[in-house]
Structures are given as C-alpha cells and as structure tokens.
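File shown: protein.cif. Contents: mmCIF, C-alpha atoms and all ligand atoms; chains and numbers go by the auth columns.
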```
data_upload
loop_
_atom_site.group_PDB
_atom_site.id
_atom_site.type_symbol
_atom_site.label_atom_id
_atom_site.label_comp_id
_atom_site.label_asym_id
_atom_site.label_seq_id
_atom_site.Cartn_x
_atom_site.Cartn_y
_atom_site.Cartn_z
_atom_site.B_iso_or_equiv
_atom_site.auth_seq_id
_atom_site.auth_asym_id
ATOM 1 C CA SER A 1 52.318 24.407 -16.998 0.00 842 A
ATOM 2 C CA TYR A 2 49.034 23.074 -18.285 0.00 843 A
ATOM 3 C CA VAL A 3 46.909 20.923 -16.007 0.00 844 A
ATOM 4 C CA ILE A 4 44.508 18.081 -16.789 0.00 845 A
ATOM 5 C CA GLY A 5 41.420 18.073 -14.605 0.00 846 A
ATOM 6 C CA ALA A 6 38.445 16.008 -13.542 0.00 847 A
ATOM 7 C CA SER A 7 36.702 15.692 -16.887 0.00 848 A
ATOM 8 C CA CYS A 8 39.539 13.469 -18.131 0.00 849 A
ATOM 9 C CA VAL A 9 38.799 10.785 -15.548 0.00 850 A
ATOM 10 C CA ASP A 10 37.667 7.570 -17.274 0.00 851 A
ATOM 11 C CA VAL A 11 37.856 9.323 -20.676 0.00 852 A
ATOM 12 C CA THR A 12 41.602 9.429 -21.463 0.00 853 A
ATOM 13 C CA ASP A 13 40.947 10.306 -25.089 0.00 854 A
ATOM 14 C CA ARG A 14 44.715 10.643 -25.772 0.00 855 A
ATOM 15 C CA ALA A 15 44.337 13.275 -28.524 0.00 856 A
ATOM 16 C CA CYS A 16 46.494 15.512 -26.316 0.00 857 A
ATOM 17 C CA VAL A 17 49.203 12.869 -26.086 0.00 858 A
ATOM 18 C CA ASP A 18 49.538 12.875 -29.874 0.00 859 A
ATOM 19 C CA GLU A 19 49.439 16.674 -30.054 0.00 860 A
ATOM 20 C CA CYS A 20 52.042 17.536 -27.413 0.00 861 A
ATOM 21 C CA PRO A 21 55.320 18.483 -29.157 0.00 862 A
ATOM 22 C CA VAL A 22 57.476 17.532 -26.175 0.00 863 A
ATOM 23 C CA ASP A 23 55.604 14.327 -25.251 0.00 864 A
ATOM 24 C CA CYS A 24 54.993 15.401 -21.679 0.00 865 A
ATOM 25 C CA ILE A 25 51.462 14.004 -21.331 0.00 866 A
ATOM 26 C CA TYR A 26 51.220 10.520 -19.894 0.00 867 A
ATOM 27 C CA VAL A 27 48.228 8.270 -19.315 0.00 868 A
ATOM 28 C CA GLY A 28 48.118 6.453 -16.003 0.00 869 A
ATOM 29 C CA GLY A 29 45.345 5.046 -13.868 0.00 870 A
ATOM 30 C CA ARG A 30 42.045 6.679 -14.776 0.00 871 A
ATOM 31 C CA MET A 31 43.285 9.859 -16.496 0.00 872 A
ATOM 32 C CA ALA A 32 46.146 11.578 -18.268 0.00 873 A
ATOM 33 C CA TYR A 33 48.640 13.887 -16.580 0.00 874 A
ATOM 34 C CA VAL A 34 50.905 16.720 -17.729 0.00 875 A
ATOM 35 C CA ASN A 35 54.466 16.635 -16.433 0.00 876 A
ATOM 36 C CA PRO A 36 54.887 20.204 -15.125 0.00 877 A
ATOM 37 C CA THR A 37 58.667 20.166 -15.439 0.00 878 A
ATOM 38 C CA GLU A 38 58.526 19.202 -19.142 0.00 879 A
ATOM 39 C CA CYS A 39 55.511 21.236 -20.313 0.00 880 A
ATOM 40 C CA ILE A 40 56.553 24.249 -22.416 0.00 881 A
ATOM 41 C CA ASP A 41 53.142 25.982 -22.161 0.00 882 A
ATOM 42 C CA CYS A 42 52.585 25.866 -25.911 0.00 883 A
ATOM 43 C CA GLY A 43 48.831 25.326 -25.529 0.00 884 A
ATOM 44 C CA ALA A 44 48.594 22.769 -28.349 0.00 885 A
ATOM 45 C CA CYS A 45 46.818 20.241 -26.161 0.00 886 A
ATOM 46 C CA GLU A 46 44.002 22.492 -24.975 0.00 887 A
ATOM 47 C CA PRO A 47 41.871 22.697 -28.150 0.00 888 A
ATOM 48 C CA VAL A 48 42.126 18.999 -29.047 0.00 889 A
ATOM 49 C CA CYS A 49 40.699 17.677 -25.783 0.00 890 A
ATOM 50 C CA PRO A 50 37.110 16.534 -26.502 0.00 891 A
ATOM 51 C CA VAL A 51 36.083 17.083 -22.889 0.00 892 A
ATOM 52 C CA GLU A 52 37.982 20.358 -22.340 0.00 893 A
ATOM 53 C CA ALA A 53 39.925 18.853 -19.462 0.00 894 A
ATOM 54 C CA ILE A 54 43.158 20.758 -20.088 0.00 895 A
ATOM 55 C CA VAL A 55 43.731 24.354 -19.019 0.00 896 A
ATOM 56 C CA PRO A 56 46.682 26.546 -18.098 0.00 897 A
ATOM 57 C CA GLU A 57 47.505 26.307 -14.397 0.00 898 A
ATOM 58 C CA SER A 58 46.360 29.903 -13.924 0.00 899 A
ATOM 59 C CA ASP A 59 42.893 28.995 -15.234 0.00 900 A
ATOM 60 C CA VAL A 60 42.299 25.879 -13.132 0.00 901 A
ATOM 61 C CA ALA A 61 38.872 26.121 -11.477 0.00 902 A
ATOM 62 C CA GLU A 62 38.639 26.568 -7.714 0.00 903 A
ATOM 63 C CA SER A 63 37.032 23.137 -7.446 0.00 904 A
ATOM 64 C CA GLU A 64 39.897 21.508 -9.348 0.00 905 A
ATOM 65 C CA GLN A 65 42.893 23.009 -7.576 0.00 906 A
ATOM 66 C CA ASP A 66 43.852 19.559 -6.257 0.00 907 A
ATOM 67 C CA PHE A 67 44.581 18.463 -9.821 0.00 908 A
ATOM 68 C CA ILE A 68 47.587 20.790 -10.004 0.00 909 A
ATOM 69 C CA ALA A 69 49.287 18.747 -7.303 0.00 910 A
ATOM 70 C CA ALA A 70 47.911 15.490 -8.702 0.00 911 A
ATOM 71 C CA ASN A 71 49.483 16.131 -12.115 0.00 912 A
ATOM 72 C CA ALA A 72 52.836 16.908 -10.492 0.00 913 A
ATOM 73 C CA ALA A 73 52.647 14.026 -8.026 0.00 914 A
ATOM 74 C CA PHE A 74 52.109 11.464 -10.766 0.00 915 A
ATOM 75 C CA PHE A 75 55.644 12.077 -11.981 0.00 916 A
ATOM 76 C CA LEU A 76 57.180 11.758 -8.544 0.00 917 A
ATOM 77 C CA GLU A 77 55.737 8.282 -8.148 0.00 918 A
ATOM 78 C CA VAL A 78 56.881 6.756 -11.422 0.00 919 A
HETATM 79 FE FE1 LIG B . 52.355 19.581 -24.079 0.00 1 B
HETATM 80 FE FE2 LIG B . 52.121 22.102 -24.940 0.00 1 B
HETATM 81 FE FE3 LIG B . 50.082 20.935 -23.639 0.00 1 B
HETATM 82 FE FE4 LIG B . 52.309 21.574 -22.305 0.00 1 B
HETATM 83 S S1 LIG B . 50.859 23.005 -23.269 0.00 1 B
HETATM 84 S S2 LIG B . 51.169 19.638 -22.158 0.00 1 B
HETATM 85 S S3 LIG B . 53.882 21.213 -23.878 0.00 1 B
HETATM 86 S S4 LIG B . 50.896 20.336 -25.649 0.00 1 B
#
```
Kindly transcribe the structure held in the file into structure tokens.
Ligand code: SF4
Amino acid sequence: SYVIGASCVDVTDRACVDECPVDCIYVGGRMAYVNPTECIDCGACEPVCPVEAIVPESDVAESEQDFIAANAAFFLEV
C-alpha cells in the first residue's frame, strides 16, 4: 500500500483524498492516513501531494518507517 509520511503533518492538503479512486485516505489528527487494507496501489495520490508526503511502502525512507505502522494503526483505532 501507499504510505503518508512526516511532511503531511500539519499540512493535510487533502488533494490526495479527492484523487483516491477507492476513498481510502482519511484525515485525522494532524495528518492524513492511507488505509492499507483498502489501498489498491494505483499511485494516483502520489503526484498530487504538494509536499510529496505519499510514497509506496517499498519506498518509505529509513527515517519514516514508523509511519507504515502509524497509517495502519489509525484504522484499528477508529
Ligand atoms: Fe488511494 Fe491509489 Fe493512493 Fe492507494 S495508491 S491511497 S488507492 S490513490
């Protein structure tokens, strides 16, 4: 799945929310999150993010690995 990382925090531009064909991006707290069980890996969200916060899970930076779990965890709590 795609993962939203640190640069989204306090930005939450929401362009990705409008772009996602399966509506699996949700805004909560200080950032947006991708639901990993609903994401179809289409990549539509990646180019529209103004802060380049969204990348495929395989491309998540070493320093942002925690965001993989954070995106998934958001959907366990709601
Ligand atoms: Fe939605 Fe596609 Fe982005 Fe997954 S890759 S979050 S399905 S727009």
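Within the 12 Å cut-off around Ala894 of chain A, using all atoms listed in the file and omitting residues fewer than 5 positions from it on the same chain, the listed residues are A:Tyr843, A:Val844, A:Ile845, A:Gly846, A:Ala847, A:Ser848, A:Cys849, A:Val850, A:Asp851, A:Val852, A:Thr853, A:Asp854, A:Arg855, A:Ala856, A:Cys857, A:Met872, A:Ala873, A:Tyr874, A:Val875, A:Cys886, A:Glu887, A:Pro888, A:Val889, A:Asp900, A:Val901, A:Ala902, A:Glu905, A:Phe908.
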Please return as an NGL selection string the residues found within 10 Å of ligand LIG 1 (chain B), counting only C-alpha atoms and all ligand atoms. :A and (842-845 or 857-867 or 874-889 or 895-897)
Could you tell me how far atom CA of Gly869 of chain A lies from atom CA of Ser904 of chain A, in Å and to one decimal? 21.8 Å
Could you work out an axis-aligned box for segment 872-889 of chain A, taking every atom the file lists and adding 6 Å on each side, and report centre and edge lengths in Å to one decimal, as JSON?
```
{"center_x": 50.3, "center_y": 17.9, "center_z": -22.1, "size_x": 28.8, "size_y": 28.1, "size_z": 25.9}
```
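Here atom CA of Pro891 of chain A stands at a distance of 19.0 Å from atom CA of Gly870 of chain A.
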